[in-house]
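Chemist: Next up is a structure, given as structure tokens.
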Amino acid sequence: MFGSRAQDGVEMQQRRTTNRIFPDERQDQSKMPFQAGRVDRFAANRIDAKTLEKLKLMNEGNVPWHSRILDPRSSVLLTWNRVYLVACLFALFIDPFFYYLPFVRVMDKANLFSCVAEDQRLRNTMTVLRTLADLFYVLNIAIKFHTAYVDPKSRVLGKGELIVDLKKIQKRYIRSDLCIDILAAIPLPQVTVWLIMPGIKRSDYNIQNTTYALIILVQYVLRMYLVVPLSNQIIKAAGVVAKSAWGGAAYNLLLYMLASHITGAIYYLLSIERQITCWNQQCLAESSNTSCNIGFISCENTGSRGYLDWQSKTQIFSNCNANNQSIPFKYGMFENALTKGAVSTSFQEKYFYCLWWGLLQLSSSGNPLQTSAFIVENIFAIAIGAISLILFAQLIGKMQTYLQSVSKRLEEWRLRQRDMEEWMRHHRLPPDLQERVQRFVQVKWLATRGVEEESILQALPADIRRDVQRHLCLDLVRRVPFFAEMDDQLLDAICERLVSFLCPEGTYISREGDPVSEMLFIIRGKLESSTTNGGRSNFFNSILLRPGEFAGEELLTWALLPKTNIHFPLSTRTVRSLTEVEAFALRAEDLKFVANQFRRLHSKKLQHTFRFYSHHWRTWGACFIQAAWRQHQRRKLSESLSRWESYSWWSEEHPAADKPKQEGTSRTAAEMNKFASASRRFRADDTMIRRLQKPDEPDFSADHFD
């Protein structure tokens, strides 16, 4: 009884220790040694801390979402990091639009009176979009509280030990990145626009705009900083941020456009500030003569008492007109924005003008800028010049890397082709031979695009390589009738050892009498296979090999012999490509291995299939039938000659009876002479045909190899 209670206590402890798991490491409970928190009674006493830790990763029970732990190397977290990166870029795109809220409203058609207003529609839209972007930052904080991390002390070898203790994870995150993430997630632009700006009692718009710009800029820098480690996490998990070269180039171009976007927005806000600064200076200069109220430049006060009287007396608008070159105030680099009406036009026009201005300055390192003596303006110009050099150099380097990766294979092929042409000219190869070499290089490039398939497959593990080869070759191998009779195990062995083979039109793959080193299985194209039976006169046989057929069967016969010679067999046929040919090649050493598998088949059907599709057997069979037919014709001739000789002997003994038939007899004798000569010719041809030896018979039985 006490033993049973102790065992139940162990089970209860086991259930309590498996309350945190990885949601993406789910496994079939029927294949696990422990079922959903219950421990086998015979193995409970042998469970140690490491086993319990593994059970946390393997089992998944009814655990609430707030207690689950995420694996930082899992596909789920990688997908979230990609989504979060897009959300960060969207937030970086949204924030600069808050700088476009103030604008200058022209009060009359003559452009004599103006005021400063705020774009209410843009403010509401940007507030909603920015709030949606902030939700992703808050959600990322919650995910980081449940994301495991690798112990730095365990990174000596391999990926390291994963820490899945929730308290340790939260404690580490609070000490490291929580403060920065919270500062990045706070809705500072919304708070500034809706609470801080209306709460400033002073009517100095420069103070409001400066406070507003600095708050947004500080958080913008924090959010830009978060993009860097996030991109590094994606690169560490997936290898690259973008899967394609064009995607990587577009990503870097997008970052460059974001820099142009924020530069143009800052330029627009500083243009508004320079306009307001001029109005402030002129208002102070007029304060001795007129009661100038700087609050009147706000469009909210245009209907207040005393505004019309001030408007009729003030000269600040004429003295701050940027189109007037004689005014004492210098706008510097902001003059173009004011003279072209970028601060008072519609949102679309001023946005694209400022975006173009930012892109122009970052691309030219601020060369066309003409600044005034204003300190902030010069600091802004210096920052543009310094940052533009870094950003432009990084953009060119990244774009060059990604775009070169697209055309790298093509450039390598061009260089290889040029080197080959120089080598052929140096060795003075004939023009026809040079053309054949160039045609082969072109055919290989069009088929493979410069990819070395064998090197790629050899770099893969054996299991993955076998599956890839099966996917690529199995359907094509089954088209070959000889292979269609084999089971899947043998087909896998064949697919694993097949290599691609390409040749252009007019290429001699093998010549009669040369050693055969590989067996070809045609996928596309046509081959001509011919033989002269060892160079004997008056003998020529030619056949056409189409897709699904094979060449080099001498190698299969050689591999299936009981005692295989170390020397390769000699080819009995000349094989030439009639069109561009794509095929799979089975080399001699690989075929030897496959042949050892063939011996285990004990199949007469495979032997008959080999005979039926073997062109050696077909040629020998045709010659054998031809010899039998001629033998039959010779036998008939012999019988006819015998009858004619017997008739001639009877005619000599009875000359009077056969006198009317002498003329017909003479004609018959002439015909029989022709038959005799034909018989001698048949006998000579038959002797030549009989010299064609019967092909070697491959031994598909396993008895005499055991």
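If you're wondering about the labels, chains in the structure tokens are A, B, ... by order shown, residues count from 1 in each chain, ligands from 1 in order shown.
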Quick check for you: according to DSSP on this backbone, which residues of stretch 252-326 of chain A are classed as helix (DSSP H, G or I)? Reply as an MDAnalysis selection string.
Modeler: chainID A and resid 252:286 294:297 299:301 307:313 316:319
Chemist: Could you name the residues that touch A:Gln361 at 9 Å or less, counting only C-alpha atoms, but leaving out those on the same chain fewer than 4 positions away, as a list in words?
Modeler: Ser260, Thr263, Trp356, Trp357, Ser365, Gly366, Asn367, Pro368, Leu369, Ile384, Gly385 and Ser388 of chain A
Chemist: Fewer than 3 positions away in the same chain doesn't count, so skip those; otherwise give me all residues within 10 Å of A:Gln315, counting only C-alpha atoms, as a list in words.
Modeler: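 These residues fall inside the cut-off: Leu112, Phe113, Trp279, Gln282, Cys283, Glu286, Trp310, Gln311, Ser312, Ser318, Asn319 and Cys320 of chain A.
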Chemist: Go ahead and write the selection's residues with C-alpha atoms as a PDB file, in the first residue's frame.
Modeler:
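Resulting contents of result01.pdb:
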```
ATOM      1  CA  LEU A 112      -0.779  88.666 -48.772  1.00  0.00           C
ATOM      2  CA  PHE A 113      -2.107  87.150 -45.562  1.00  0.00           C
ATOM      3  CA  TRP A 279       6.894  86.164 -38.559  1.00  0.00           C
ATOM      4  CA  GLN A 282       8.925  90.886 -37.737  1.00  0.00           C
ATOM      5  CA  CYS A 283       6.233  90.939 -35.057  1.00  0.00           C
ATOM      6  CA  GLU A 286       6.577  96.025 -35.151  1.00  0.00           C
ATOM      7  CA  TRP A 310      -3.985  94.106 -36.884  1.00  0.00           C
ATOM      8  CA  GLN A 311      -4.258  92.622 -40.376  1.00  0.00           C
ATOM      9  CA  SER A 312      -4.725  96.073 -41.942  1.00  0.00           C
ATOM     10  CA  SER A 318       5.134  91.212 -46.920  1.00  0.00           C
ATOM     11  CA  ASN A 319       8.467  91.334 -45.074  1.00  0.00           C
ATOM     12  CA  CYS A 320       8.528  87.498 -44.836  1.00  0.00           C
TER      13      CYS A 320
END
```
Chemist: As a VMD selection string, please: the residues near stretch 128-141 of chain A (cut-off 7 Å, only C-alpha atoms, same-chain neighbours under 4 positions excluded).
Modeler: chain A and resid 84 87 91 94 124 145 181 185 187
Chemist: For the residues in that selection, give me N, CA and C atoms as a CSV table (one decimal), in the first residue's frame.
Modeler:
```csv
chain,number,residue,atom,x,y,z
A,84,TYR,N,6.2,40.7,-37.7
A,84,TYR,CA,6.6,41.8,-36.8
A,84,TYR,C,7.5,42.8,-37.5
A,87,ALA,N,5.4,44.9,-39.6
A,87,ALA,CA,4.7,45.9,-38.8
A,87,ALA,C,5.6,47.0,-38.4
A,91,ALA,N,5.2,50.9,-39.2
A,91,ALA,CA,5.2,52.0,-38.2
A,91,ALA,C,6.2,53.1,-38.5
A,94,ILE,N,4.7,55.3,-41.0
A,94,ILE,CA,3.6,56.1,-40.5
A,94,ILE,C,4.0,57.3,-39.7
A,124,ASN,N,-6.4,62.5,-37.6
A,124,ASN,CA,-7.3,61.4,-37.2
A,124,ASN,C,-6.8,60.1,-37.9
A,145,PHE,N,7.9,37.4,-23.4
A,145,PHE,CA,7.8,36.9,-22.1
A,145,PHE,C,7.7,35.4,-22.0
A,181,ASP,N,11.7,48.0,-25.4
A,181,ASP,CA,10.4,47.7,-26.0
A,181,ASP,C,9.3,48.5,-25.6
A,185,ALA,N,6.9,51.0,-27.7
A,185,ALA,CA,5.5,50.7,-27.8
A,185,ALA,C,4.6,51.8,-27.3
A,187,PRO,N,2.5,55.1,-27.2
A,187,PRO,CA,1.9,55.9,-28.3
A,187,PRO,C,2.3,57.4,-28.1
```
Chemist: Measuring between only C-alpha atoms, which one of A:Gln489, A:Ser542, A:Glu300, A:Gly506 shows the shortest distance to A:Asp432?
Modeler: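 Nearest candidate to A:Asp432 out of A:Gln489, A:Ser542, A:Glu300, A:Gly506: A:Gly506.
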